[in-house]
Structure formats: C-alpha cells, structure tokens
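Printed here is data-v4.txt (compact mmCIF, C-alpha atoms):
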# COMPACT_ATOMS: atom_id res chain seq x y z
CA MET A 279 131.06 98.06 -127.60
CA PHE A 280 128.76 97.79 -130.63
CA ALA A 281 131.73 97.56 -133.05
CA ILE A 282 133.32 94.75 -131.03
CA GLY A 283 130.01 92.90 -130.90
CA PHE A 284 129.56 93.14 -134.67
CA LEU A 285 133.15 92.01 -135.31
CA ILE A 286 132.73 88.97 -133.07
CA ALA A 287 129.35 88.10 -134.59
CA GLY A 288 130.75 88.55 -138.11
CA ALA A 289 133.71 86.31 -137.40
CA LEU A 290 131.49 83.60 -135.90
CA PHE A 291 129.09 83.80 -138.81
CA LEU A 292 131.83 83.49 -141.45
CA ALA A 293 133.36 80.57 -139.60
CA GLY A 294 129.98 78.85 -139.44
CA LEU A 295 129.33 79.59 -143.10
CA PHE A 296 132.59 78.01 -144.23
CA LEU A 297 132.03 75.01 -141.97
CA ALA A 298 128.53 74.57 -143.42
CA SER A 299 129.91 74.77 -146.96
CA ARG A 300 132.21 71.86 -146.23
CA LEU A 301 129.15 69.65 -145.92
CA LEU A 302 128.67 70.07 -149.67
CA PRO A 303 130.65 68.06 -152.25
CA LYS A 304 133.89 69.63 -153.42
CA GLY A 305 133.62 71.68 -156.57
CA LYS A 306 131.60 74.66 -157.76
CA TRP A 307 128.74 74.20 -155.25
CA ARG A 308 130.75 75.39 -152.26
CA PRO A 309 131.56 78.88 -153.64
CA ILE A 310 128.02 79.17 -155.06
CA PHE A 311 126.58 78.38 -151.63
CA ILE A 312 128.84 80.89 -149.86
CA LEU A 313 128.22 83.64 -152.41
CA GLY A 314 124.48 82.95 -152.36
CA VAL A 315 124.26 83.26 -148.57
CA LEU A 316 126.35 86.47 -148.57
CA ALA A 317 124.22 87.93 -151.37
CA ALA A 318 121.02 87.14 -149.47
CA ILE A 319 122.39 88.87 -146.36
CA MET A 320 123.39 91.94 -148.38
CA VAL A 321 119.96 92.15 -150.02
CA TYR A 322 117.88 91.51 -146.88
CA PRO A 323 118.18 95.06 -145.41
CA PHE A 324 116.51 96.40 -148.57
CA LEU A 325 113.79 93.80 -149.08
CA HIS A 326 111.18 95.82 -147.21
CA LEU A 327 111.37 98.48 -149.93
CA VAL A 328 109.57 96.17 -152.37
CA ARG A 329 107.01 94.72 -149.97
CA PRO A 330 103.35 95.71 -150.58
CA SER A 331 102.97 96.29 -146.84
CA TYR A 332 105.77 98.89 -146.91
CA ALA A 333 104.13 100.71 -149.83
CA LYS A 334 100.88 100.74 -147.83
CA PHE A 335 102.74 102.09 -144.79
CA LYS A 336 104.25 104.96 -146.80
CA ASP A 337 100.81 105.76 -148.24
CA LEU A 338 99.27 105.82 -144.75
CA CYS A 339 101.99 108.25 -143.66
CA LEU A 340 101.49 110.51 -146.68
CA HIS A 341 97.70 110.49 -146.36
CA PRO A 342 96.94 110.34 -142.63
CA SER A 343 93.35 109.68 -141.67
CA PRO A 344 91.57 112.18 -139.40
CA PRO A 345 90.45 111.01 -135.96
CA THR A 346 87.64 108.47 -136.13
CA ILE A 347 84.48 109.68 -134.38
CA VAL A 348 82.60 106.62 -133.11
CA LYS A 349 79.69 108.61 -131.69
CA THR A 350 78.90 112.08 -130.42
CA LYS A 351 77.18 113.39 -127.34
CA ALA A 352 75.29 116.68 -126.99
CA VAL A 353 76.26 118.68 -123.90
CA ASP A 354 75.84 122.17 -122.49
CA PHE A 355 79.19 122.11 -120.70
CA ILE A 356 82.38 120.67 -122.12
CA LEU A 357 85.24 119.53 -119.93
CA LEU A 358 88.62 121.22 -120.21
CA ASP A 359 90.85 118.20 -120.24
CA ALA A 360 92.71 118.61 -123.49
CA GLY A 361 95.80 120.59 -122.57
CA TYR A 362 93.96 123.09 -120.36
CA SER A 363 93.15 120.93 -117.34
CA SER A 364 95.12 123.11 -114.92
CA ASP A 365 94.32 126.51 -116.47
CA CYS A 366 90.65 127.40 -116.32
CA THR A 367 91.40 130.84 -117.79
CA LYS A 368 91.72 129.12 -121.17
CA GLY A 369 88.06 128.05 -121.03
CA PRO A 370 86.40 131.14 -122.53
CA THR A 371 88.63 130.97 -125.61
CA TYR A 372 88.15 127.20 -125.85
CA ILE A 373 84.35 127.50 -126.19
CA ALA A 374 84.11 130.90 -127.90
CA LYS A 375 81.36 131.07 -130.56
CA LEU A 376 80.61 127.34 -130.29
CA GLY A 377 77.23 127.40 -128.55
CA TYR A 378 78.17 125.84 -125.21
CA LEU A 379 76.59 127.36 -122.09
CA GLY A 380 79.97 127.08 -120.39
CA PHE A 381 82.64 124.60 -119.41
CA ASP A 382 83.73 122.34 -116.56
CA CYS A 383 87.27 122.61 -115.23
CA ARG A 384 89.35 121.00 -112.50
CA LYS A 385 91.34 123.54 -110.54
CA ILE A 386 94.89 122.46 -109.79
CA VAL A 387 96.48 123.96 -106.69
CA GLY A 388 99.85 122.20 -106.88
CA SER A 389 101.47 118.80 -107.26
CA ASN A 390 103.44 116.26 -105.32
CA SER A 391 105.80 113.52 -106.42
CA ARG A 392 102.95 111.29 -107.59
CA HIS A 393 100.21 113.48 -109.08
CA GLU A 394 98.64 116.91 -109.32
CA VAL A 395 96.62 118.16 -106.35
CA VAL A 396 93.09 119.00 -107.46
CA ALA A 397 91.13 121.62 -105.51
CA GLY A 398 87.87 120.47 -107.02
CA LEU A 399 85.73 120.44 -110.13
CA TYR A 400 84.03 123.69 -111.07
CA ARG A 401 81.41 124.69 -113.62
CA TYR A 402 81.73 128.04 -115.37
CA THR A 403 78.45 129.28 -116.86
CA ARG A 404 78.44 132.26 -119.22
CA ARG A 405 76.27 135.09 -117.97
CA LEU A 406 73.43 136.31 -120.15
CA GLY A 407 74.66 138.95 -122.51
CA GLY A 408 78.27 137.97 -121.93
CA ASN A 409 80.54 138.79 -124.83
CA SER A 410 82.27 135.80 -126.45
CA ALA A 411 85.56 137.69 -126.07
CA CYS A 412 85.14 137.97 -122.26
CA GLY A 413 87.32 136.11 -119.83
CA LEU A 414 86.28 134.44 -116.58
CA GLU A 415 84.79 137.73 -115.37
CA CYS A 416 81.79 136.99 -117.62
CA PHE A 417 81.13 133.58 -116.03
CA ASP A 418 79.37 132.41 -112.90
CA VAL A 419 81.20 129.59 -111.12
CA GLU A 420 79.98 126.78 -108.88
CA LYS A 421 81.54 123.61 -107.52
CA ILE A 422 80.13 120.37 -108.97
CA ALA A 423 80.58 116.64 -108.34
CA ALA A 424 81.05 115.38 -111.91
CA PRO A 425 81.48 116.88 -115.36
CA GLU A 426 78.81 116.57 -118.04
CA ALA A 427 81.40 115.35 -120.54
CA ASN A 428 82.93 112.65 -118.38
CA TYR A 429 86.22 111.63 -119.96
CA GLY A 430 89.93 112.13 -119.63
CA TYR A 431 93.04 111.47 -117.62
CA PHE A 432 91.66 112.27 -114.17
CA ASP A 433 88.85 109.74 -114.54
CA ARG A 434 91.32 107.15 -115.87
CA SER A 435 88.85 106.60 -118.69
CA SER A 436 91.33 106.71 -121.58
CA ARG A 437 92.25 103.48 -123.33
CA THR A 438 94.83 102.19 -125.80
CA ARG A 439 94.90 99.21 -128.10
CA ALA A 440 97.47 97.87 -130.53
CA GLY A 441 97.89 95.29 -133.22
CA TYR A 442 98.82 94.80 -136.85
CA LEU A 443 97.35 95.17 -140.34
CA ALA A 444 96.47 92.12 -142.43
CA GLY A 445 95.62 93.70 -145.78
CA ASP A 446 93.11 96.42 -144.88
CA GLU A 447 91.97 94.65 -141.70
CA LYS A 448 93.16 95.89 -138.33
CA ARG A 449 93.70 92.97 -135.98
CA VAL A 450 93.90 93.92 -132.30
CA THR A 451 96.39 92.00 -130.17
CA ILE A 452 96.18 94.03 -126.97
CA ASP A 453 93.40 96.26 -125.63
CA TYR A 454 94.50 97.96 -122.42
CA PRO A 455 93.03 98.06 -119.78
CA VAL A 456 90.15 95.95 -121.14
CA SER A 457 92.57 93.10 -121.79
CA LYS A 458 96.10 93.01 -120.41
CA GLU A 459 96.95 89.73 -122.15
CA GLU A 460 98.91 90.43 -125.31
CA ALA A 461 98.35 88.06 -128.23
CA GLN A 462 101.30 86.94 -130.30
CA ILE A 463 101.89 88.90 -133.52
CA PRO A 464 103.11 86.81 -136.49
CA PHE A 465 106.73 87.64 -137.34
CA TRP A 466 105.89 88.63 -140.93
CA ARG A 467 103.32 91.25 -139.90
CA TRP A 468 105.61 94.25 -140.21
CA LEU A 469 102.91 96.96 -140.42
CA ARG A 470 101.50 97.69 -136.97
CA PHE A 471 99.41 100.31 -135.20
CA ASN A 472 98.50 101.90 -131.88
CA ASP A 473 95.08 103.43 -131.17
CA SER A 474 94.50 106.15 -128.57
CA ILE A 475 90.84 106.06 -127.59
CA LEU A 476 88.74 108.78 -126.02
CA VAL A 477 86.38 107.02 -123.60
CA ASP A 478 83.36 108.50 -121.85
CA VAL A 479 82.67 107.00 -118.43
CA ALA A 480 78.97 106.63 -119.23
CA GLU A 481 78.93 106.29 -123.02
CA GLY A 482 82.01 104.16 -123.71
CA ASP A 483 84.27 104.62 -126.73
CA MET A 484 83.69 107.99 -128.38
CA ALA A 485 86.61 108.49 -130.79
CA PHE A 486 90.15 107.39 -131.49
CA THR A 487 93.29 108.22 -133.42
CA THR A 488 95.59 105.67 -135.06
CA HIS A 489 99.39 105.78 -135.23
CA TYR A 490 101.15 103.44 -137.69
CA TYR A 491 104.69 102.12 -137.54
CA TYR A 492 106.73 99.60 -139.52
CA LEU A 493 109.33 97.00 -138.54
CA PRO A 494 111.46 96.59 -141.70
CA TYR A 495 113.45 93.67 -140.27
CA GLY A 496 110.80 92.17 -138.04
CA PRO A 497 110.58 92.35 -134.23
CA ILE A 498 114.25 91.54 -133.63
CA THR A 499 117.03 93.57 -132.09
CA ILE A 500 120.55 93.60 -133.48
CA LEU A 501 122.48 90.98 -131.51
CA GLY A 502 120.62 92.05 -128.42
CA LEU A 503 122.80 95.18 -128.39
CA ALA A 504 120.04 97.62 -129.29
CA SER A 505 118.06 99.49 -126.68
CA GLY A 506 115.51 96.67 -126.44
CA SER A 507 113.49 97.78 -129.49
CA ALA A 508 113.62 96.53 -133.05
CA PRO A 509 114.50 99.09 -135.77
CA THR A 510 111.29 100.96 -136.50
CA GLU A 511 109.92 103.51 -138.98
CA GLN A 512 107.01 105.61 -137.76
CA CYS A 513 104.41 107.85 -139.34
CA PRO A 514 104.22 111.40 -137.95
CA ARG A 515 101.86 111.52 -135.00
CA ASN A 516 98.61 113.38 -135.51
CA SER A 517 97.20 115.99 -133.19
CA GLY A 518 94.71 113.66 -131.53
CA VAL A 519 90.98 113.90 -130.96
CA ASP A 520 89.48 117.35 -130.38
CA PRO A 521 86.78 116.76 -127.72
CA ARG A 522 84.73 119.56 -129.25
CA ASN A 523 84.12 117.31 -132.27
CA VAL A 524 82.78 114.60 -129.94
CA TYR A 525 80.88 116.62 -127.32
CA ILE A 526 78.88 118.97 -129.51
CA PRO A 527 76.80 121.85 -128.09
CA LYS A 528 73.18 120.97 -127.52
CA SER A 529 72.19 124.12 -129.36
CA ALA A 530 73.91 122.79 -132.50
CA SER A 531 72.29 119.35 -132.24
CA LYS A 532 68.73 120.65 -132.38

Could you render the structure as structure tokens?
Amino acid sequence: MFAIGFLIAGALFLAGLFLASRLLPKGKWRPIFILGVLAAIMVYPFLHLVRPSYAKFKDLCLHPSPPTIVKTKAVDFILLDAGYSSDCTKGPTYIAKLGYLGFDCRKIVGSNSRHEVVAGLYRYTRRLGGNSACGLECFDVEKIAAPEANYGYFDRSSRTRAGYLAGDEKRVTIDYPVSKEEAQIPFWRWLRFNDSILVDVAEGDMAFTTHYYYLPYGPITILGLASGSAPTEQCPRNSGVDPRNVYIPKSASK
C-alpha cells in the first residue's frame, strides 16, 4: 500500500516537474531547473542535521534537566499516589528514615470497566518507638476525608501543557485543562515540548517535568499514509517528579 502510494506520488511529481520546466525557455535552464529541484528534494531529509534547533535538541537529550520544583509544602503525612496507590503495604518503605509521621493511602478493593473501586482514604501513623524497618504492624490506621498532600490522579489535579521552544524561551500553546484551545504552532518551530505538572488542590502548581521532541520535517505526514503523526525524534523520558521532594517532612523544614 505504501509502496504503491509512493510510486504514484513519484510519477505525478516527475510529470509535474517536467511540465513546469517547459515553462522555461529552451536551452540549458530546463535541465538546471530539473536538477536543482531534484537536488533540493534529496538534500531536504538531511537539512535538520545542520539546524541550530536540532543541535539544541540533541544537547537537551544528552543533558536532561531534573524535575523543576516550583514550591514545596511541609507535611506530616505524604500521600501514596506515585505507583503505590493501590498497595498501602509499600508505605513504610516509602517513608522510611525521612521524618514523616506516616502516610495517607487510598485502599483499592477492585475495579470495573471504567475505574478502580476505592474503599476509602486511610491515614497510617507510625507508633512511638516503631522501627523504621517495620511494616504496617507498626502503624495505627484511621479513615480520613482528605489527604494532607492533596494531589494526584484520584483528585484529577494533574495538568499538562505543551508548546515549542523559540531560542531558550518556552512558549506554551496548550495548557490542559486550564485552556483547551490549542494555539497554532509556526511550521518552522521543530523543537517542541510537553510538561507534566504536579498540582496540589490547595496550593496549585508544585513541580513539573519536561519532555522534548523534534519534528525534523515539520508537522506533516508522508502523503497522508502515516499513522496520523509526523516523523518525530524524542528525548528519553525522565522518571518524573518524586512527591517526597515536593512534600517535605515538617521535621526537616524546622
């Protein structure tokens, strides 16, 4: 299917090129025009290799920035919502030797076709004298209405934004769900980014990570035969924001 499409497109292009050349006076200009157009097409797939924006992209990939901490919040209890949301037994290890009094955790009792079924939100408080190597047997547990560190998937408080780089400036074109209207990105802005933002329900933006990608041929698909996406190069994705770097223990903030 792809091969047939390319053959047809190639034949139509060559026919159009020769017809366009006939608009020029007879003589040396016709072959120069044809050879010049063909040379430009052959060189185009490699032009991005000499663009300053591509060099910047490769540098960003080789030297990834750590998550950006916008602000911190001191808490006694951190929420397990970073890979451990359905396994409260991971809590003691998650907070070991960090100075938290305990952790908040949503117990998951199952799931249906749409979402996980939550039994409730519980607070686990370490008992006095409890060893940092203890499991849940060293914690008192009580049901609570809201976590102290109020962020994460279940509160629908996460946010994403995207845009492009103009020099060193990040220009946002969409900020979801704050703004669902996507601004137009200039065709020649090949270096683009996505931000994943950790948002606290009460405090707002707390931290974010940035993922960069590059469109070497611009935002176009090949004859409409691609999967709907333009050819893209991407930096390796980072590990994301560790909430423990945002919600610091109150004992450490004194």

What separates atom CA of Arg401 of chain A and atom CA of Lys528 of chain A is a distance of 16.6 Å

Interatomic distance, atom CA of Arg384 of chain A to atom CA of Thr403 of chain A (Å, one decimal):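 It comes out at 14.4 Å.
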
Nearest to Phe355 of chain A, chosen from A:Ile319, A:Trp466, A:Glu415, A:Tyr525, with only C-alpha atoms counted in the distances: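 Closest residue, counting only C-alpha atoms: A:Tyr525.
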
At a cut-off of 6 Å, can you tabulate as a Markdown table every residue of segment 332-451 of chain A near segment 479-499 of chain A together with its closest atom pair and the distance in Å to one decimal, using only C-alpha atoms and ordering rows by chain then number?
| residue | atom | partner | partner_atom | distance |
| --- | --- | --- | --- | --- |
| A:Pro345 | CA | A:Thr487 | CA | 4.7 |
| A:Thr346 | CA | A:Phe486 | CA | 5.4 |
| A:Ile347 | CA | A:Ala485 | CA | 4.3 |
| A:Val348 | CA | A:Ala485 | CA | 5.0 |
| A:Lys349 | CA | A:Met484 | CA | 5.2 |
| A:Asn428 | CA | A:Val479 | CA | 5.7 |

Distance atom CA of Ala440 of chain A-atom CA of Lys336 of chain A, one decimal place?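 Interatomic distance here is 19.0 Å.
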
Considering all atoms listed in the file, state which residue in the set A:Ala444, A:Leu376, A:Val328, A:Val353 is at the smallest distance from Ser410 of chain A.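 That would be A:Leu376, the residue with the smallest distance to Ser410 of chain A.
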
Neighbouring residues of His341 of chain A were defined as those with any atom within 12 Å, considering all atoms listed in the file; residues of the same chain fewer than 3 positions away were excluded. Please report them as a list in words.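 Near His341 of chain A, the qualifying residues are Lys334, Phe335, Lys336, Asp337, Leu338, Pro344, Tyr490, Cys513, Pro514 and Asn516 of chain A.
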
From A:Gly398, A:Leu357, A:Ser517, A:Pro464, residue lying nearest Tyr378 of chain A [only C-alpha atoms]: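 So, comparing all the options, the nearest one is A:Leu357.
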